[in-house]
Amino acid sequence: MDMKTLRQQARERMNGACRVCPHCDGRACAGELPGMGGIRTAASFRANITALEKVCLRMRLIHEVRAPETACEVLGLPLSLPVLIAPLAGTTFNMGKGLPEERFAQVVTEGARSAGTIACTGDGTPEAFDCGLKAVEAVEGWGIPVIKPWAGDVFFERLERVAQAGCRVVGMDIDTAAITALAKSKRPVSPKSRAELSAIVEKTHALGLKFMLKGVLSVEDALAAEECGCDAIVVSNHGGRAFEAVPGTAAALPAIVRNVKEMTVLADGGVRSGADVLKMLALGARAVLIGRPAIIAGMGGEEEGVQMLLSRMQRQLAEGMLLTGCASVREAGPHLLA
C-alpha cells in the first residue's frame, strides 16, 4: 500500500466526516463537531498549524552526524521515535463509521506497537473506553488509556480497571472539562481543584502507575500540575476542539518548558511531519502526540497504515536531524531554532 491509496481509502471509509485534505488545517471542517473539525470557527485548530509554521529550524551541514538516533524513553517507556498516538475515540459520531470502535482501537494500538511506539486510547462513552482498554489488554498493557475528567467516582473506577489491565501510565484529558454533551447525558465532567488532582495522582501512584495530564496550555496550570505530583503533562488545546479562543500549542510550549522543573513535557497540535516533530522538540517537548493523521492512517490502511505513517515520520525526523546536525532526539533543543 502507498500513501495515495491509503488516503483514498480513508476518504471513502469516513463518509464525508473527513475530506482528507492535502493540507489539514481545519478550514474545510470548521465547526463540524461531532466530526473531525475544530470547535465553532476552528480558530484554535488553525492556530496550531500557523504556530508551527512560524517556527524555523537552523540548517547545518558541516558536522559529524551520520546516523541520527530517533529512539528515546518517555515515562519509562522505550520508544523508537518521540511520537505517540493521541487518545482517539468515537468512530460512530466523529469518524463517519469507517471502522467499528473496537476494531479502530485495535488498529491504532497494534499499529503503534509494530512501529516501536505506543498509542493512547480514548474515553467519552462506556463503549469507547471499554474498546480501548480491551485493545490495550490484548497487547499486554502496552498503551496509555486517557480518562475524561469525570465527576464523582467514575474516574476512580476506570483508573482501577486501567491498573488491572497491566498499564504503566494513565492519563486524563482535563481539556474536555466543559463538554456539555457529556453533562446532558448524565455523565458530567468538570475542572479539578488542586486537592482533587492531588488525590487522583496519589491514587494513581498507589496503584503503581505514572500519571499524565493532557490539556495544559498555561504556565499556571503546568506549575499546579507539577505541585500536585503529575509525572507528565501534554501541552494541548485538544486539537482545537475544546475552545476556539486559545493559542496554538507551539506558541504556548516554550514558556511552560522554561517554568517546569521535573515533569516530562509532551505536546500535540498540528504535528503533520517529521519536521514538525523536530520543531516541537526544539521548543522543549520531550515527545509529541498525533491525532488526525493517525485517524486517517488507521481508517485508510488499518494497522499497516498506522505503521506506515509512523515509519514515514521517523524517516522525515531523521532527515531533519541530519540537516540540522542533531545526533539524537535527546539532544534536541532551542539551539536548533533559526
# chains A, B, ... in the order shown; residues from 1 in each chain; ligands from 1
$ residues_around --residues "Leu266 in chain A" --least-positions-apart "3" --cutoff "6 Å" --atoms "only C-alpha atoms" --output "list in words"
Val234, Ala285, Arg286, Ala287 and Val288 of chain A
$ write_last_selection --atoms "C-alpha atoms" --output "PDB file, in the first residue's frame"
ATOM      1  CA  VAL A 234       0.709  17.289  27.422  1.00  0.00           C
ATOM      2  CA  ALA A 285       8.866  18.961  24.262  1.00  0.00           C
ATOM      3  CA  ARG A 286      10.219  15.511  25.112  1.00  0.00           C
ATOM      4  CA  ALA A 287       7.874  13.900  22.585  1.00  0.00           C
ATOM      5  CA  VAL A 288       4.690  14.651  20.641  1.00  0.00           C
TER       6      VAL A 288
END
$ select_by_dssp --residues "range 50-99 of chain A" --states "alpha helix (DSSP H)" --output "PyMOL selection string"
chain A and resi 50-53+91-94
$ residues_around --residues "range 50-66 of chain A" --least-positions-apart "4" --cutoff "12 Å" --atoms "only C-alpha atoms" --output "PyMOL selection string"
chain A and resi 23-26+43-46+246-254+267-273+275-283+318-328+332-338
$ atom_distance --atom1 "CA of Phe155 in chain A" --atom2 "CA of Lys210 in chain A"
15.4 Å
$ closest_atom_pairs --of "range 5-68 of chain A" --to "range 166-181 of chain A" --cutoff "12 Å" --atoms "only C-alpha atoms" --output "Markdown table"
| residue | atom | partner | partner_atom | distance |
| --- | --- | --- | --- | --- |
| A:Leu33 | CA | A:Ala181 | CA | 11.0 |
| A:Pro34 | CA | A:Ala181 | CA | 10.3 |
| A:Ile39 | CA | A:Ile179 | CA | 11.2 |
$ residues_around --residues "range 120-132 of chain A" --least-positions-apart "5" --cutoff "8 Å" --atoms "only C-alpha atoms" --output "list in words"
Leu84, Ile85, Ala86, Pro87, Leu88, Ala89, Gly90, Glu101, Glu102, Ala105, Gln106, Thr109, Gly143, Ile144, Pro145, Val146, Ile147, Lys148 and Leu182 of chain A
$ select_by_dssp --residues "range 2-233 of chain A" --states "strand (DSSP E)" --output "ChimeraX atom specification"
/A:72-74,77-79,83-85,120-121,144-147,169-173,210-216,232-233
$ write_last_selection --atoms "N, CA, C and O atoms" --output "short mmCIF file (atom, residue, chain, number, x, y, z; two decimals), in the first residue's frame"
data_model
loop_
_atom_site.label_atom_id
_atom_site.label_comp_id
_atom_site.auth_asym_id
_atom_site.auth_seq_id
_atom_site.Cartn_x
_atom_site.Cartn_y
_atom_site.Cartn_z
N CYS A 72 14.08 6.99 22.00
CA CYS A 72 14.07 7.74 23.25
C CYS A 72 13.30 6.95 24.30
O CYS A 72 12.77 5.86 24.03
N GLU A 73 13.24 7.50 25.49
CA GLU A 73 12.45 6.92 26.58
C GLU A 73 11.53 8.00 27.13
O GLU A 73 11.97 9.11 27.41
N VAL A 74 10.25 7.69 27.24
CA VAL A 74 9.27 8.63 27.76
C VAL A 74 8.49 7.96 28.88
O VAL A 74 7.89 6.90 28.68
N LEU A 77 9.02 4.39 29.19
CA LEU A 77 8.62 3.57 28.05
C LEU A 77 9.65 3.73 26.93
O LEU A 77 9.85 4.84 26.44
N PRO A 78 10.30 2.66 26.49
CA PRO A 78 11.26 2.76 25.39
C PRO A 78 10.53 2.87 24.06
O PRO A 78 9.72 2.03 23.70
N LEU A 79 10.84 3.92 23.28
CA LEU A 79 10.15 4.19 22.03
C LEU A 79 11.16 4.35 20.89
O LEU A 79 12.25 4.87 21.09
N VAL A 83 7.16 9.97 19.11
CA VAL A 83 5.82 10.22 18.60
C VAL A 83 4.88 9.16 19.16
O VAL A 83 5.09 7.96 18.95
N LEU A 84 3.86 9.60 19.87
CA LEU A 84 2.83 8.72 20.40
C LEU A 84 1.52 9.00 19.67
O LEU A 84 1.32 10.10 19.13
N ILE A 85 0.62 8.02 19.65
CA ILE A 85 -0.71 8.25 19.10
C ILE A 85 -1.57 8.88 20.21
O ILE A 85 -1.61 8.37 21.33
N CYS A 120 -2.11 6.07 22.91
CA CYS A 120 -3.08 6.33 23.96
C CYS A 120 -4.43 5.82 23.45
O CYS A 120 -4.65 5.69 22.25
N THR A 121 -5.33 5.52 24.37
CA THR A 121 -6.69 5.16 23.97
C THR A 121 -7.66 6.13 24.62
O THR A 121 -7.35 6.75 25.63
N ILE A 144 -1.63 3.68 26.70
CA ILE A 144 -1.88 4.68 27.74
C ILE A 144 -3.35 5.08 27.68
O ILE A 144 -3.73 5.96 26.89
N PRO A 145 -4.20 4.45 28.46
CA PRO A 145 -5.61 4.88 28.49
C PRO A 145 -5.72 6.29 29.06
O PRO A 145 -5.09 6.61 30.08
N VAL A 146 -6.49 7.12 28.40
CA VAL A 146 -6.70 8.50 28.85
C VAL A 146 -8.17 8.65 29.21
O VAL A 146 -9.05 8.46 28.38
N ILE A 147 -8.42 9.00 30.47
CA ILE A 147 -9.77 9.04 31.04
C ILE A 147 -10.25 10.48 31.08
O ILE A 147 -9.49 11.41 31.38
N VAL A 169 1.21 3.58 32.49
CA VAL A 169 0.90 5.02 32.51
C VAL A 169 -0.59 5.18 32.24
O VAL A 169 -1.18 4.45 31.44
N VAL A 170 -1.20 6.15 32.91
CA VAL A 170 -2.60 6.51 32.65
C VAL A 170 -2.66 8.02 32.49
O VAL A 170 -1.82 8.75 33.02
N GLY A 171 -3.64 8.49 31.74
CA GLY A 171 -3.77 9.93 31.54
C GLY A 171 -5.17 10.43 31.84
O GLY A 171 -6.12 9.66 32.00
N MET A 172 -5.29 11.75 31.91
CA MET A 172 -6.59 12.41 31.99
C MET A 172 -6.54 13.61 31.06
O MET A 172 -5.62 14.42 31.14
N ASP A 173 -7.54 13.73 30.16
CA ASP A 173 -7.57 14.90 29.28
C ASP A 173 -8.49 15.96 29.89
O ASP A 173 -9.66 16.06 29.59
N LYS A 210 2.18 5.71 36.45
CA LYS A 210 2.54 7.12 36.31
C LYS A 210 1.33 7.86 35.74
O LYS A 210 0.50 7.27 35.06
N PHE A 211 1.28 9.17 36.03
CA PHE A 211 0.10 9.96 35.66
C PHE A 211 0.47 11.08 34.70
O PHE A 211 1.39 11.86 34.95
N MET A 212 -0.27 11.15 33.59
CA MET A 212 -0.06 12.15 32.55
C MET A 212 -1.31 13.03 32.44
O MET A 212 -2.41 12.51 32.24
N LEU A 213 -1.15 14.33 32.57
CA LEU A 213 -2.26 15.27 32.47
C LEU A 213 -2.22 15.94 31.10
O LEU A 213 -1.30 16.69 30.78
N LYS A 214 -3.24 15.69 30.30
CA LYS A 214 -3.30 16.22 28.94
C LYS A 214 -4.25 17.42 28.90
O LYS A 214 -5.34 17.37 29.46
N GLY A 215 -3.81 18.49 28.21
CA GLY A 215 -4.67 19.65 28.08
C GLY A 215 -4.19 20.85 28.86
O GLY A 215 -4.98 21.73 29.22
N VAL A 216 -2.89 20.94 29.11
CA VAL A 216 -2.31 22.09 29.81
C VAL A 216 -1.88 23.12 28.77
O VAL A 216 -1.21 22.79 27.79
N ALA A 232 3.80 13.81 34.07
CA ALA A 232 3.93 14.42 32.75
C ALA A 232 2.70 15.27 32.46
O ALA A 232 1.62 15.04 33.01
N ILE A 233 2.90 16.23 31.59
CA ILE A 233 1.78 16.99 31.04
C ILE A 233 1.88 16.95 29.52
O ILE A 233 2.97 16.78 28.96
#
$ atom_distance --atom1 "CA of Leu217 in chain A" --atom2 "CA of Ser236 in chain A"
6.1 Å
$ closest_residue --among "A:Asp231, A:Leu209, A:Arg241, A:Ser311" --to "Arg40 in chain A" --atoms "only C-alpha atoms"
A:Arg241
$ closest_residue --among "A:Ala138, A:Leu75, A:Gln8, A:His205" --to "Val107 in chain A" --atoms "only C-alpha atoms"
A:Ala138
$ residues_around --residues "Ala115 in chain A" --least-positions-apart "2" --cutoff "10 Å" --atoms "only C-alpha atoms" --output "list in words"
Leu79, Ser80, Leu81, Glu110, Gly111, Ala112, Arg113, Thr117, Ile118, Glu303, Glu304, Val306, Gln307, Met308, Leu309, Leu310, Ser311 and Gln314 of chain A
$ write_last_selection --atoms "N, CA and C atoms" --output "PDB file, in the first residue's frame"
ATOM      1  N   LEU A  79      10.839   3.924  23.279  1.00  0.00           N
ATOM      2  CA  LEU A  79      10.148   4.195  22.026  1.00  0.00           C
ATOM      3  C   LEU A  79      11.157   4.352  20.894  1.00  0.00           C
ATOM      4  N   SER A  80      10.760   3.928  19.698  1.00  0.00           N
ATOM      5  CA  SER A  80      11.645   4.036  18.544  1.00  0.00           C
ATOM      6  C   SER A  80      11.730   5.460  18.016  1.00  0.00           C
ATOM      7  N   LEU A  81      10.751   6.262  18.355  1.00  0.00           N
ATOM      8  CA  LEU A  81      10.737   7.671  17.972  1.00  0.00           C
ATOM      9  C   LEU A  81       9.853   8.434  18.955  1.00  0.00           C
ATOM     10  N   GLU A 110      -2.165  -1.639  17.988  1.00  0.00           N
ATOM     11  CA  GLU A 110      -1.243  -2.604  17.406  1.00  0.00           C
ATOM     12  C   GLU A 110      -0.343  -1.965  16.352  1.00  0.00           C
ATOM     13  N   GLY A 111      -0.878  -0.992  15.606  1.00  0.00           N
ATOM     14  CA  GLY A 111      -0.055  -0.304  14.624  1.00  0.00           C
ATOM     15  C   GLY A 111       1.083   0.470  15.268  1.00  0.00           C
ATOM     16  N   ALA A 112       0.778   1.135  16.376  1.00  0.00           N
ATOM     17  CA  ALA A 112       1.825   1.871  17.097  1.00  0.00           C
ATOM     18  C   ALA A 112       2.877   0.926  17.651  1.00  0.00           C
ATOM     19  N   ARG A 113       2.432  -0.183  18.234  1.00  0.00           N
ATOM     20  CA  ARG A 113       3.395  -1.136  18.790  1.00  0.00           C
ATOM     21  C   ARG A 113       4.303  -1.692  17.701  1.00  0.00           C
ATOM     22  N   THR A 117       6.425   2.281  18.935  1.00  0.00           N
ATOM     23  CA  THR A 117       5.998   3.326  19.867  1.00  0.00           C
ATOM     24  C   THR A 117       4.693   2.895  20.533  1.00  0.00           C
ATOM     25  N   ILE A 118       3.913   3.841  21.038  1.00  0.00           N
ATOM     26  CA  ILE A 118       2.760   3.481  21.858  1.00  0.00           C
ATOM     27  C   ILE A 118       1.576   4.396  21.551  1.00  0.00           C
ATOM     28  N   GLU A 303      -3.807  -1.409  10.600  1.00  0.00           N
ATOM     29  CA  GLU A 303      -2.511  -1.475  11.296  1.00  0.00           C
ATOM     30  C   GLU A 303      -1.357  -1.102  10.376  1.00  0.00           C
ATOM     31  N   GLU A 304      -1.407  -1.588   9.144  1.00  0.00           N
ATOM     32  CA  GLU A 304      -0.351  -1.277   8.184  1.00  0.00           C
ATOM     33  C   GLU A 304      -0.270   0.220   7.932  1.00  0.00           C
ATOM     34  N   VAL A 306      -1.150   2.712  10.023  1.00  0.00           N
ATOM     35  CA  VAL A 306      -0.568   3.393  11.180  1.00  0.00           C
ATOM     36  C   VAL A 306       0.938   3.188  11.209  1.00  0.00           C
ATOM     37  N   GLN A 307       1.378   1.965  10.945  1.00  0.00           N
ATOM     38  CA  GLN A 307       2.811   1.688  10.928  1.00  0.00           C
ATOM     39  C   GLN A 307       3.504   2.472   9.815  1.00  0.00           C
ATOM     40  N   MET A 308       2.860   2.546   8.645  1.00  0.00           N
ATOM     41  CA  MET A 308       3.422   3.330   7.535  1.00  0.00           C
ATOM     42  C   MET A 308       3.587   4.791   7.910  1.00  0.00           C
ATOM     43  N   LEU A 309       2.562   5.360   8.526  1.00  0.00           N
ATOM     44  CA  LEU A 309       2.620   6.765   8.926  1.00  0.00           C
ATOM     45  C   LEU A 309       3.775   7.015   9.884  1.00  0.00           C
ATOM     46  N   LEU A 310       3.881   6.189  10.901  1.00  0.00           N
ATOM     47  CA  LEU A 310       4.921   6.391  11.908  1.00  0.00           C
ATOM     48  C   LEU A 310       6.314   6.162  11.330  1.00  0.00           C
ATOM     49  N   SER A 311       6.450   5.172  10.465  1.00  0.00           N
ATOM     50  CA  SER A 311       7.751   4.932   9.832  1.00  0.00           C
ATOM     51  C   SER A 311       8.143   6.102   8.933  1.00  0.00           C
ATOM     52  N   GLN A 314       9.259   8.900  11.113  1.00  0.00           N
ATOM     53  CA  GLN A 314      10.590   8.607  11.649  1.00  0.00           C
ATOM     54  C   GLN A 314      11.673   8.926  10.612  1.00  0.00           C
TER      55      GLN A 314
END
$ closest_residue --among "A:Ala151, A:Leu6, A:Ala67, A:Leu289" --to "Ser190 in chain A" --atoms "only C-alpha atoms"
A:Ala151
$ residues_around --residues "Thr91 in chain A" --least-positions-apart "2" --cutoff "10 Å" --atoms "only C-alpha atoms" --output "number ranges by chain"
A: 14, 17, 35, 88-89, 93-105, 128, 295, 299
$ write_last_selection --atoms "N, CA and C atoms" --output "mmCIF file, in the first residue's frame"
data_model
loop_
_atom_site.group_PDB
_atom_site.id
_atom_site.type_symbol
_atom_site.label_atom_id
_atom_site.label_comp_id
_atom_site.auth_asym_id
_atom_site.auth_seq_id
_atom_site.Cartn_x
_atom_site.Cartn_y
_atom_site.Cartn_z
ATOM 1 N N MET A 14 -14.609 7.137 5.544
ATOM 2 C CA MET A 14 -15.062 8.112 6.527
ATOM 3 C C MET A 14 -16.311 8.875 6.095
ATOM 4 N N ALA A 17 -16.924 12.556 6.818
ATOM 5 C CA ALA A 17 -16.540 13.087 8.135
ATOM 6 C C ALA A 17 -15.176 13.756 8.080
ATOM 7 N N GLY A 35 -17.632 15.186 14.579
ATOM 8 C CA GLY A 35 -16.891 15.189 13.341
ATOM 9 C C GLY A 35 -15.423 15.410 13.622
ATOM 10 N N LEU A 88 -7.835 8.601 20.843
ATOM 11 C CA LEU A 88 -8.793 8.767 19.755
ATOM 12 C C LEU A 88 -9.968 7.829 19.983
ATOM 13 N N ALA A 89 -11.170 8.350 19.877
ATOM 14 C CA ALA A 89 -12.356 7.522 20.084
ATOM 15 C C ALA A 89 -13.545 8.185 19.416
ATOM 16 N N PHE A 93 -19.626 8.743 15.746
ATOM 17 C CA PHE A 93 -20.069 10.126 15.609
ATOM 18 C C PHE A 93 -18.975 11.084 15.171
ATOM 19 N N ASN A 94 -17.707 10.677 15.170
ATOM 20 C CA ASN A 94 -16.640 11.573 14.730
ATOM 21 C C ASN A 94 -15.982 11.161 13.418
ATOM 22 N N MET A 95 -15.985 9.872 13.102
ATOM 23 C CA MET A 95 -15.156 9.373 12.002
ATOM 24 C C MET A 95 -15.958 8.706 10.892
ATOM 25 N N GLY A 96 -17.241 9.004 10.800
ATOM 26 C CA GLY A 96 -18.038 8.508 9.694
ATOM 27 C C GLY A 96 -18.287 7.019 9.686
ATOM 28 N N LYS A 97 -18.139 6.384 10.839
ATOM 29 C CA LYS A 97 -18.374 4.943 10.962
ATOM 30 C C LYS A 97 -17.455 4.128 10.056
ATOM 31 N N GLY A 98 -16.264 4.658 9.807
ATOM 32 C CA GLY A 98 -15.336 3.980 8.907
ATOM 33 C C GLY A 98 -14.878 2.629 9.394
ATOM 34 N N LEU A 99 -14.757 2.487 10.697
ATOM 35 C CA LEU A 99 -14.429 1.213 11.331
ATOM 36 C C LEU A 99 -15.222 1.137 12.630
ATOM 37 N N PRO A 100 -15.588 -0.054 13.075
ATOM 38 C CA PRO A 100 -16.214 -0.174 14.394
ATOM 39 C C PRO A 100 -15.254 0.298 15.487
ATOM 40 N N GLU A 101 -15.784 0.759 16.600
ATOM 41 C CA GLU A 101 -14.961 1.288 17.696
ATOM 42 C C GLU A 101 -13.900 0.286 18.146
ATOM 43 N N GLU A 102 -14.305 -0.950 18.334
ATOM 44 C CA GLU A 102 -13.360 -1.963 18.821
ATOM 45 C C GLU A 102 -12.232 -2.201 17.826
ATOM 46 N N ARG A 103 -12.577 -2.267 16.555
ATOM 47 C CA ARG A 103 -11.550 -2.504 15.531
ATOM 48 C C ARG A 103 -10.600 -1.318 15.427
ATOM 49 N N PHE A 104 -11.125 -0.107 15.486
ATOM 50 C CA PHE A 104 -10.252 1.068 15.400
ATOM 51 C C PHE A 104 -9.269 1.105 16.562
ATOM 52 N N ALA A 105 -9.728 0.786 17.765
ATOM 53 C CA ALA A 105 -8.829 0.760 18.921
ATOM 54 C C ALA A 105 -7.710 -0.257 18.724
ATOM 55 N N ALA A 128 -16.481 3.321 24.139
ATOM 56 C CA ALA A 128 -15.168 3.771 23.700
ATOM 57 C C ALA A 128 -14.090 3.392 24.709
ATOM 58 N N ILE A 295 -5.739 9.011 12.640
ATOM 59 C CA ILE A 295 -7.091 8.590 12.268
ATOM 60 C C ILE A 295 -7.141 8.259 10.782
ATOM 61 N N MET A 299 -7.870 4.549 9.410
ATOM 62 C CA MET A 299 -9.055 4.321 8.600
ATOM 63 C C MET A 299 -8.680 3.850 7.195
#
